[in-house]
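Structure below is my_file_31.csv: CSV, C-alpha atoms.
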```
chain,number,residue,atom,x,y,z
A,1,MET,CA,42.0,-11.8,11.5
A,2,GLY,CA,40.5,-8.5,10.7
A,3,PHE,CA,40.4,-5.6,8.2
A,4,GLU,CA,41.8,-2.9,10.4
A,5,SER,CA,42.9,-0.9,7.3
A,6,VAL,CA,39.5,-0.6,5.8
A,7,LYS,CA,39.0,2.9,4.4
A,8,LYS,CA,36.4,4.8,2.4
A,9,ILE,CA,37.9,5.8,-1.0
A,10,ALA,CA,34.9,7.4,-2.7
A,11,GLU,CA,31.3,8.6,-2.2
A,12,ALA,CA,28.7,9.9,-4.6
A,13,ASP,CA,25.0,10.5,-5.2
A,14,PHE,CA,23.2,7.3,-6.4
A,15,PRO,CA,19.5,7.5,-7.5
A,16,THR,CA,17.9,4.1,-8.2
A,17,ARG,CA,14.4,2.8,-8.9
A,18,TRP,CA,14.2,1.9,-5.2
A,19,GLY,CA,15.0,5.4,-4.0
A,20,HIS,CA,17.9,7.8,-3.5
A,21,PHE,CA,21.1,6.3,-2.0
A,22,ARG,CA,24.7,7.4,-1.4
A,23,ILE,CA,27.1,5.0,-3.0
A,24,MET,CA,30.4,4.5,-1.2
A,25,GLY,CA,33.5,2.5,-2.1
A,26,PHE,CA,35.6,0.9,0.6
A,27,GLU,CA,38.9,-0.9,0.3
A,28,GLY,CA,40.9,-3.0,2.8
A,29,ALA,CA,43.7,-5.5,2.9
A,30,PRO,CA,43.6,-8.5,5.2
A,31,PRO,CA,46.7,-9.1,7.3
A,32,GLU,CA,47.0,-12.8,6.3
A,33,PRO,CA,46.4,-15.0,3.2
A,34,PRO,CA,42.9,-16.4,2.4
A,35,ALA,CA,41.9,-19.5,4.2
A,36,LEU,CA,40.1,-22.6,2.9
A,37,ASN,CA,41.2,-21.9,-0.7
A,38,GLY,CA,38.9,-19.0,-1.0
A,39,THR,CA,39.6,-15.5,-2.2
A,40,HIS,CA,39.8,-12.5,0.1
A,41,PRO,CA,37.4,-9.6,-0.8
A,42,GLU,CA,39.5,-6.5,-1.4
A,43,GLY,CA,36.7,-4.0,-2.1
A,44,LEU,CA,33.1,-3.4,-0.9
A,45,VAL,CA,30.4,-1.1,-2.1
A,46,ALA,CA,27.9,0.3,0.3
A,47,LEU,CA,24.5,1.8,-0.7
A,48,VAL,CA,23.3,4.0,2.1
A,49,MET,CA,19.9,5.5,2.5
A,50,GLY,CA,18.4,7.9,5.1
A,51,ASP,CA,19.1,8.0,8.8
A,52,ILE,CA,21.1,5.0,9.8
A,53,HIS,CA,21.9,6.1,13.3
A,54,THR,CA,18.7,6.9,15.2
A,55,THR,CA,17.6,3.2,15.2
A,56,PRO,CA,19.3,0.0,14.1
A,57,PRO,CA,19.0,0.1,10.2
A,58,LEU,CA,18.0,-2.6,7.8
A,59,VAL,CA,21.2,-4.1,6.5
A,60,ARG,CA,21.9,-6.6,3.7
A,61,ILE,CA,25.3,-8.2,3.2
A,62,HIS,CA,25.1,-9.3,-0.4
A,63,SER,CA,27.9,-11.4,-2.0
A,64,GLN,CA,28.6,-10.6,-5.6
A,65,CYS,CA,26.8,-12.9,-8.1
A,66,LEU,CA,27.6,-11.9,-11.7
A,67,THR,CA,25.4,-14.7,-13.2
A,68,GLY,CA,22.4,-13.8,-11.1
A,69,ASP,CA,22.7,-10.1,-10.3
A,70,VAL,CA,23.7,-9.0,-13.8
A,71,PHE,CA,22.5,-11.8,-16.2
A,72,GLY,CA,19.4,-12.8,-14.3
A,73,SER,CA,20.3,-16.4,-13.8
A,74,LEU,CA,17.6,-18.6,-12.3
A,75,ARG,CA,20.0,-21.2,-11.1
A,76,CYS,CA,20.1,-19.2,-7.8
A,77,ASP,CA,17.9,-16.7,-5.9
A,78,CYS,CA,20.7,-14.1,-5.6
A,79,ARG,CA,19.2,-11.3,-7.8
A,80,LEU,CA,15.8,-11.8,-6.3
A,81,GLN,CA,17.3,-11.4,-2.8
A,82,LEU,CA,19.2,-8.3,-3.9
A,83,GLU,CA,16.1,-6.7,-5.3
A,84,LEU,CA,14.0,-7.7,-2.2
A,85,ALA,CA,16.6,-6.1,0.1
A,86,LEU,CA,16.7,-2.9,-1.9
A,87,ASP,CA,12.9,-2.8,-2.0
A,88,MET,CA,12.7,-3.2,1.8
A,89,ILE,CA,15.3,-0.4,2.4
A,90,GLY,CA,13.5,1.8,-0.1
A,91,LYS,CA,10.2,1.3,1.6
A,92,ALA,CA,11.7,1.9,5.0
A,93,GLY,CA,13.4,5.0,3.9
A,94,ALA,CA,16.7,4.0,5.5
A,95,GLY,CA,19.2,1.2,5.4
A,96,ILE,CA,22.4,-0.1,4.1
A,97,LEU,CA,23.3,-2.6,1.4
A,98,LEU,CA,26.8,-3.9,1.5
A,99,TYR,CA,27.9,-5.5,-1.8
A,100,GLU,CA,30.9,-7.7,-1.2
A,101,GLN,CA,33.2,-9.1,-3.9
A,102,GLN,CA,32.8,-12.8,-3.0
A,103,GLU,CA,31.7,-14.4,-6.2
A,104,GLY,CA,30.5,-18.0,-5.9
A,105,ARG,CA,30.6,-18.0,-2.0
A,106,GLY,CA,34.1,-16.8,-2.2
A,107,ILE,CA,35.6,-19.3,-4.7
A,108,GLY,CA,35.7,-16.8,-7.7
A,109,LEU,CA,33.9,-16.6,-11.0
A,110,MET,CA,35.8,-19.2,-13.0
A,111,ALA,CA,35.7,-21.8,-10.2
A,112,LYS,CA,32.0,-21.1,-9.9
A,113,LEU,CA,31.4,-21.9,-13.6
A,114,ARG,CA,33.4,-25.1,-13.1
A,115,ALA,CA,31.0,-25.9,-10.2
A,116,TYR,CA,28.1,-25.3,-12.5
A,117,GLU,CA,29.5,-28.0,-14.8
A,118,LEU,CA,29.6,-30.4,-11.9
A,119,GLN,CA,26.1,-29.5,-10.9
A,120,ASP,CA,24.9,-30.2,-14.5
A,121,GLN,CA,26.4,-33.7,-13.9
A,122,GLY,CA,24.3,-34.3,-10.8
A,123,MET,CA,26.2,-32.7,-7.9
A,124,ASP,CA,24.6,-30.2,-5.6
A,125,THR,CA,26.2,-26.8,-4.9
A,126,VAL,CA,28.0,-28.0,-1.8
A,127,GLU,CA,29.3,-31.3,-3.4
A,128,ALA,CA,30.6,-29.3,-6.4
A,129,ASN,CA,32.6,-26.9,-4.2
A,130,VAL,CA,34.1,-29.7,-2.2
A,131,GLU,CA,34.9,-31.7,-5.4
A,132,LEU,CA,36.9,-28.6,-6.6
A,133,GLY,CA,38.9,-28.5,-3.4
A,134,PHE,CA,36.9,-25.7,-1.7
A,135,ALA,CA,34.9,-25.4,1.5
A,136,ALA,CA,31.2,-25.4,1.0
A,137,ASP,CA,31.3,-21.7,1.8
A,138,CYS,CA,34.5,-19.7,1.7
A,139,ARG,CA,33.0,-16.3,2.5
A,140,GLU,CA,34.2,-14.0,5.3
A,141,TYR,CA,32.3,-11.1,6.8
A,142,GLU,CA,35.0,-9.1,8.7
A,143,MET,CA,35.1,-6.4,6.1
A,144,PRO,CA,31.3,-5.7,6.2
A,145,ALA,CA,31.5,-5.5,10.0
A,146,GLU,CA,34.4,-3.1,9.8
A,147,THR,CA,32.6,-1.0,7.2
A,148,LEU,CA,29.5,-0.8,9.4
A,149,LYS,CA,31.8,0.5,12.3
A,150,LEU,CA,33.3,3.1,10.0
A,151,LEU,CA,29.7,4.2,9.2
A,152,GLY,CA,29.0,4.5,12.9
A,153,VAL,CA,26.6,1.6,13.0
A,154,THR,CA,26.9,-0.9,15.9
A,155,ALA,CA,23.4,-2.5,15.8
A,156,VAL,CA,21.5,-3.7,12.8
A,157,ARG,CA,18.3,-5.5,11.5
A,158,LEU,CA,20.0,-8.0,9.2
A,159,ILE,CA,18.2,-9.1,6.1
A,160,THR,CA,19.4,-12.7,5.7
A,161,ASN,CA,18.4,-16.4,5.8
A,162,ASN,CA,22.0,-17.4,6.8
A,163,PRO,CA,22.7,-17.8,10.5
A,164,GLU,CA,26.4,-17.6,9.8
A,165,LYS,CA,26.1,-13.9,8.8
A,166,VAL,CA,24.3,-13.2,12.1
A,167,ASP,CA,27.0,-15.0,14.1
A,168,ALA,CA,29.8,-13.3,12.1
A,169,LEU,CA,28.5,-9.8,12.8
A,170,GLU,CA,27.8,-10.6,16.5
A,171,SER,CA,31.4,-11.9,16.9
A,172,ALA,CA,32.7,-8.8,15.3
A,173,GLY,CA,30.9,-6.6,17.8
A,174,ILE,CA,27.9,-5.6,15.7
A,175,ALA,CA,24.6,-6.4,17.5
A,176,VAL,CA,21.9,-8.0,15.3
A,177,VAL,CA,18.7,-6.9,17.0
A,178,GLU,CA,16.5,-8.7,14.4
A,179,ARG,CA,17.0,-11.2,11.6
A,180,VAL,CA,14.7,-10.2,8.7
A,181,SER,CA,13.9,-13.0,6.3
A,182,ALA,CA,15.4,-12.7,2.8
A,183,GLU,CA,13.3,-15.6,1.5
A,184,VAL,CA,11.9,-15.1,-2.0
A,185,ALA,CA,9.2,-17.0,-3.8
A,186,PRO,CA,10.6,-20.4,-4.8
A,187,GLN,CA,11.0,-21.3,-8.5
A,188,GLU,CA,11.5,-24.7,-9.9
A,189,SER,CA,14.8,-23.7,-11.5
A,190,PHE,CA,16.4,-23.1,-8.2
A,191,ALA,CA,14.4,-25.4,-5.9
A,192,GLY,CA,17.2,-27.9,-5.5
A,193,TYR,CA,19.7,-25.0,-4.8
A,194,LEU,CA,17.4,-23.7,-1.9
A,195,ARG,CA,17.0,-27.2,-0.5
A,196,THR,CA,20.7,-27.7,-0.4
A,197,LYS,CA,21.2,-24.4,1.4
A,198,HIS,CA,18.5,-25.3,3.9
A,199,GLU,CA,19.6,-28.9,4.5
A,200,LYS,CA,23.4,-28.7,4.3
A,201,MET,CA,24.2,-25.1,5.2
A,202,GLY,CA,21.5,-24.3,7.8
A,203,HIS,CA,19.8,-21.5,5.9
A,204,ILE,CA,16.4,-20.6,7.4
A,205,LEU,CA,13.7,-21.2,4.7
A,206,GLU,CA,10.2,-21.4,6.0
A,207,SER,CA,8.9,-22.7,2.6
A,208,LEU,CA,10.9,-25.9,3.1
A,209,VAL,CA,10.1,-26.5,6.8
A,210,GLY,CA,6.8,-28.2,6.0
A,211,GLU,CA,8.7,-30.7,3.8
A,212,GLU,CA,10.7,-32.0,6.7
```

Translate this file's structure into structure tokens.
Amino acid sequence: MGFESVKKIAEADFPTRWGHFRIMGFEGAPPEPPALNGTHPEGLVALVMGDIHTTPPLVRIHSQCLTGDVFGSLRCDCRLQLELALDMIGKAGAGILLYEQQEGRGIGLMAKLRAYELQDQGMDTVEANVELGFAADCREYEMPAETLKLLGVTAVRLITNNPEKVDALESAGIAVVERVSAEVAPQESFAGYLRTKHEKMGHILESLVGEE
């Protein structure tokens, strides 16, 4: 499967508190239905800063999280990771943030809220997704890879704790020359969430290694 029809539909100036970006909108239609009960991303926003071609740029693939990114939820570390990545790119003076419409690891907003209910009853984030009939993680990364290719980027320094993102880009022909940690300071409100990502999903979190 791929997103061969990905195309840029808009580009504009985009000043932020982390620095000056160009904001670009991309759309693409996958050639087949979504797998594992997830929802296919149809659009992606790229924030691009500086020279992204001379050396492999910092890149963050960030999945949409309305509850964290917009409302500041402390059930997860999503907003903190988003701001960490933007801060890294701003300080480096160059990089790309790819913001993909994959709410709740690809299960959609309403299903994510149902998963929250189950978590309140004692399930962890993986158990809740499975209980609702989803895979633990329904996200796909073909569209970010195709977007990077459209931007002329074939090698990146990827800001992530998730080895699956590294593998997905490598499989799509994007070289990941460095994995840059996206680990944020742990907070009690999402300590269990991080532990589940580390233990059940293989996320690399140095703060939890000493607990093993």

So the first atom is CA of Thr147 in chain A and the second is CA of Gln64 in chain A; what is the distance between them in Å, to one decimal place?
16.5 Å

Using all atoms listed in the file, which residues of range 19-136 of chain A come within 12 Å of range 164-170 of chain A, and what is the closest atom pair for each, with the distance in Å to one decimal? Give it as JSON lines, sorted by chain and residue number.
```
{"residue": "A:Val59", "atom": "CA", "partner": "A:Val166", "partner_atom": "CA", "distance": 11.1}
{"residue": "A:Arg60", "atom": "CA", "partner": "A:Lys165", "partner_atom": "CA", "distance": 9.8}
{"residue": "A:Ile61", "atom": "CA", "partner": "A:Lys165", "partner_atom": "CA", "distance": 8.0}
{"residue": "A:His62", "atom": "CA", "partner": "A:Lys165", "partner_atom": "CA", "distance": 10.3}
{"residue": "A:Ser63", "atom": "CA", "partner": "A:Lys165", "partner_atom": "CA", "distance": 11.2}
```

Please tabulate, as a Markdown table, the residues of range 132-188 of chain A that come within 12 Å of range 92-99 of chain A, each with its closest pair of atoms and the distance in Å to one decimal, counting only C-alpha atoms and ordering rows by chain, then residue number upward.
```
| residue | atom | partner | partner_atom | distance |
| --- | --- | --- | --- | --- |
| A:Tyr141 | CA | A:Leu98 | CA | 10.5 |
| A:Met143 | CA | A:Leu98 | CA | 9.8 |
| A:Pro144 | CA | A:Leu98 | CA | 6.8 |
| A:Ala145 | CA | A:Leu98 | CA | 9.8 |
| A:Glu146 | CA | A:Leu98 | CA | 11.3 |
| A:Thr147 | CA | A:Leu98 | CA | 8.6 |
| A:Leu148 | CA | A:Ile96 | CA | 8.9 |
| A:Leu151 | CA | A:Ile96 | CA | 9.9 |
| A:Gly152 | CA | A:Ile96 | CA | 11.9 |
| A:Val153 | CA | A:Ile96 | CA | 10.0 |
| A:Ala155 | CA | A:Gly95 | CA | 11.8 |
| A:Val156 | CA | A:Gly95 | CA | 9.2 |
| A:Arg157 | CA | A:Gly95 | CA | 9.1 |
| A:Leu158 | CA | A:Ile96 | CA | 9.7 |
| A:Ile159 | CA | A:Leu97 | CA | 9.5 |
| A:Thr160 | CA | A:Leu97 | CA | 11.6 |
```

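Here CA of Asp124 in chain A is placed at a distance of 7.0 Å from CA of Thr196 in chain A.
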
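Counting from CA of Ala172 in chain A, the distance to CA of Glu142 in chain A is 7.0 Å.
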
One residue among A:Leu113, A:Val177, A:Leu86, A:Ile9 is nearest to Met49 in chain A when using only C-alpha atoms, and that residue is A:Leu86

Within 9 Å of range 69-83 of chain A, counting all atoms listed in the file, which residues show up once you throw out same-chain ones fewer than 5 positions away? Write them as JSON, numbers by chain, please.
{"A": [18, 60, 62, 63, 64, 88, 97, 160, 182, 183, 184, 185, 186, 187, 188, 189, 190, 191, 193, 194]}

Excluding same-chain residues fewer than 6 positions from Gly43 in chain A, what lies within 8 Å of it counting all atoms listed in the file, as a VMD selection string?
chain A and resid 25 to 28 100 to 101

Could you give me range 43-66 of chain A completed to N, CA and C atoms, formatted as an mmCIF file, in the coordinates of the input?
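Written out: selection.cif:
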```cif
data_model
loop_
_atom_site.group_PDB
_atom_site.id
_atom_site.type_symbol
_atom_site.label_atom_id
_atom_site.label_comp_id
_atom_site.auth_asym_id
_atom_site.auth_seq_id
_atom_site.Cartn_x
_atom_site.Cartn_y
_atom_site.Cartn_z
ATOM 1 N N GLY A 43 37.490 -5.239 -1.968
ATOM 2 C CA GLY A 43 36.700 -4.000 -2.100
ATOM 3 C C GLY A 43 35.236 -4.330 -1.719
ATOM 4 N N LEU A 44 34.549 -3.297 -1.328
ATOM 5 C CA LEU A 44 33.100 -3.400 -0.900
ATOM 6 C C LEU A 44 32.439 -2.139 -1.300
ATOM 7 N N VAL A 45 31.224 -2.279 -1.822
ATOM 8 C CA VAL A 45 30.400 -1.100 -2.100
ATOM 9 C C VAL A 45 29.249 -1.054 -1.141
ATOM 10 N N ALA A 46 29.008 0.125 -0.611
ATOM 11 C CA ALA A 46 27.900 0.300 0.300
ATOM 12 C C ALA A 46 26.894 1.293 -0.324
ATOM 13 N N LEU A 47 25.627 0.889 -0.341
ATOM 14 C CA LEU A 47 24.500 1.800 -0.700
ATOM 15 C C LEU A 47 23.850 2.195 0.578
ATOM 16 N N VAL A 48 23.848 3.475 0.867
ATOM 17 C CA VAL A 48 23.300 4.000 2.100
ATOM 18 C C VAL A 48 22.178 4.928 1.898
ATOM 19 N N MET A 49 21.077 4.684 2.588
ATOM 20 C CA MET A 49 19.900 5.500 2.500
ATOM 21 C C MET A 49 19.435 6.033 3.819
ATOM 22 N N GLY A 50 19.133 7.311 3.898
ATOM 23 C CA GLY A 50 18.400 7.900 5.100
ATOM 24 C C GLY A 50 19.231 7.859 6.358
ATOM 25 N N ASP A 51 18.489 7.948 7.441
ATOM 26 C CA ASP A 51 19.100 8.000 8.800
ATOM 27 C C ASP A 51 19.387 6.602 9.270
ATOM 28 N N ILE A 52 20.674 6.303 9.370
ATOM 29 C CA ILE A 52 21.100 5.000 9.800
ATOM 30 C C ILE A 52 21.586 4.911 11.218
ATOM 31 N N HIS A 53 21.370 6.008 11.981
ATOM 32 C CA HIS A 53 21.900 6.100 13.300
ATOM 33 C C HIS A 53 20.874 6.161 14.446
ATOM 34 N N THR A 54 19.701 6.702 14.170
ATOM 35 C CA THR A 54 18.700 6.900 15.200
ATOM 36 C C THR A 54 18.213 5.533 15.762
ATOM 37 N N THR A 55 17.948 4.594 14.861
ATOM 38 C CA THR A 55 17.600 3.200 15.200
ATOM 39 C C THR A 55 18.373 2.257 14.408
ATOM 40 N N PRO A 56 18.502 0.995 14.843
ATOM 41 C CA PRO A 56 19.300 0.000 14.100
ATOM 42 C C PRO A 56 18.679 -0.093 12.639
ATOM 43 N N PRO A 57 19.482 0.152 11.618
ATOM 44 C CA PRO A 57 19.000 0.100 10.200
ATOM 45 C C PRO A 57 18.862 -1.252 9.664
ATOM 46 N N LEU A 58 18.020 -1.378 8.644
ATOM 47 C CA LEU A 58 18.000 -2.600 7.800
ATOM 48 C C LEU A 58 19.364 -2.687 7.129
ATOM 49 N N VAL A 59 19.960 -3.858 7.147
ATOM 50 C CA VAL A 59 21.200 -4.100 6.500
ATOM 51 C C VAL A 59 21.205 -5.394 5.744
ATOM 52 N N ARG A 60 21.692 -5.373 4.526
ATOM 53 C CA ARG A 60 21.900 -6.600 3.700
ATOM 54 C C ARG A 60 23.328 -6.715 3.347
ATOM 55 N N ILE A 61 23.971 -7.838 3.684
ATOM 56 C CA ILE A 61 25.300 -8.200 3.200
ATOM 57 C C ILE A 61 25.093 -9.068 1.989
ATOM 58 N N HIS A 62 25.386 -8.568 0.792
ATOM 59 C CA HIS A 62 25.100 -9.300 -0.400
ATOM 60 C C HIS A 62 26.426 -9.665 -1.110
ATOM 61 N N SER A 63 26.648 -10.952 -1.330
ATOM 62 C CA SER A 63 27.900 -11.400 -2.000
ATOM 63 C C SER A 63 27.644 -11.316 -3.523
ATOM 64 N N GLN A 64 28.631 -10.780 -4.195
ATOM 65 C CA GLN A 64 28.600 -10.600 -5.600
ATOM 66 C C GLN A 64 28.164 -11.889 -6.353
ATOM 67 N N CYS A 65 27.238 -11.763 -7.303
ATOM 68 C CA CYS A 65 26.800 -12.900 -8.100
ATOM 69 C C CYS A 65 26.608 -12.381 -9.543
ATOM 70 N N LEU A 66 27.652 -12.416 -10.352
ATOM 71 C CA LEU A 66 27.600 -11.900 -11.700
ATOM 72 C C LEU A 66 26.444 -12.592 -12.485
#
```
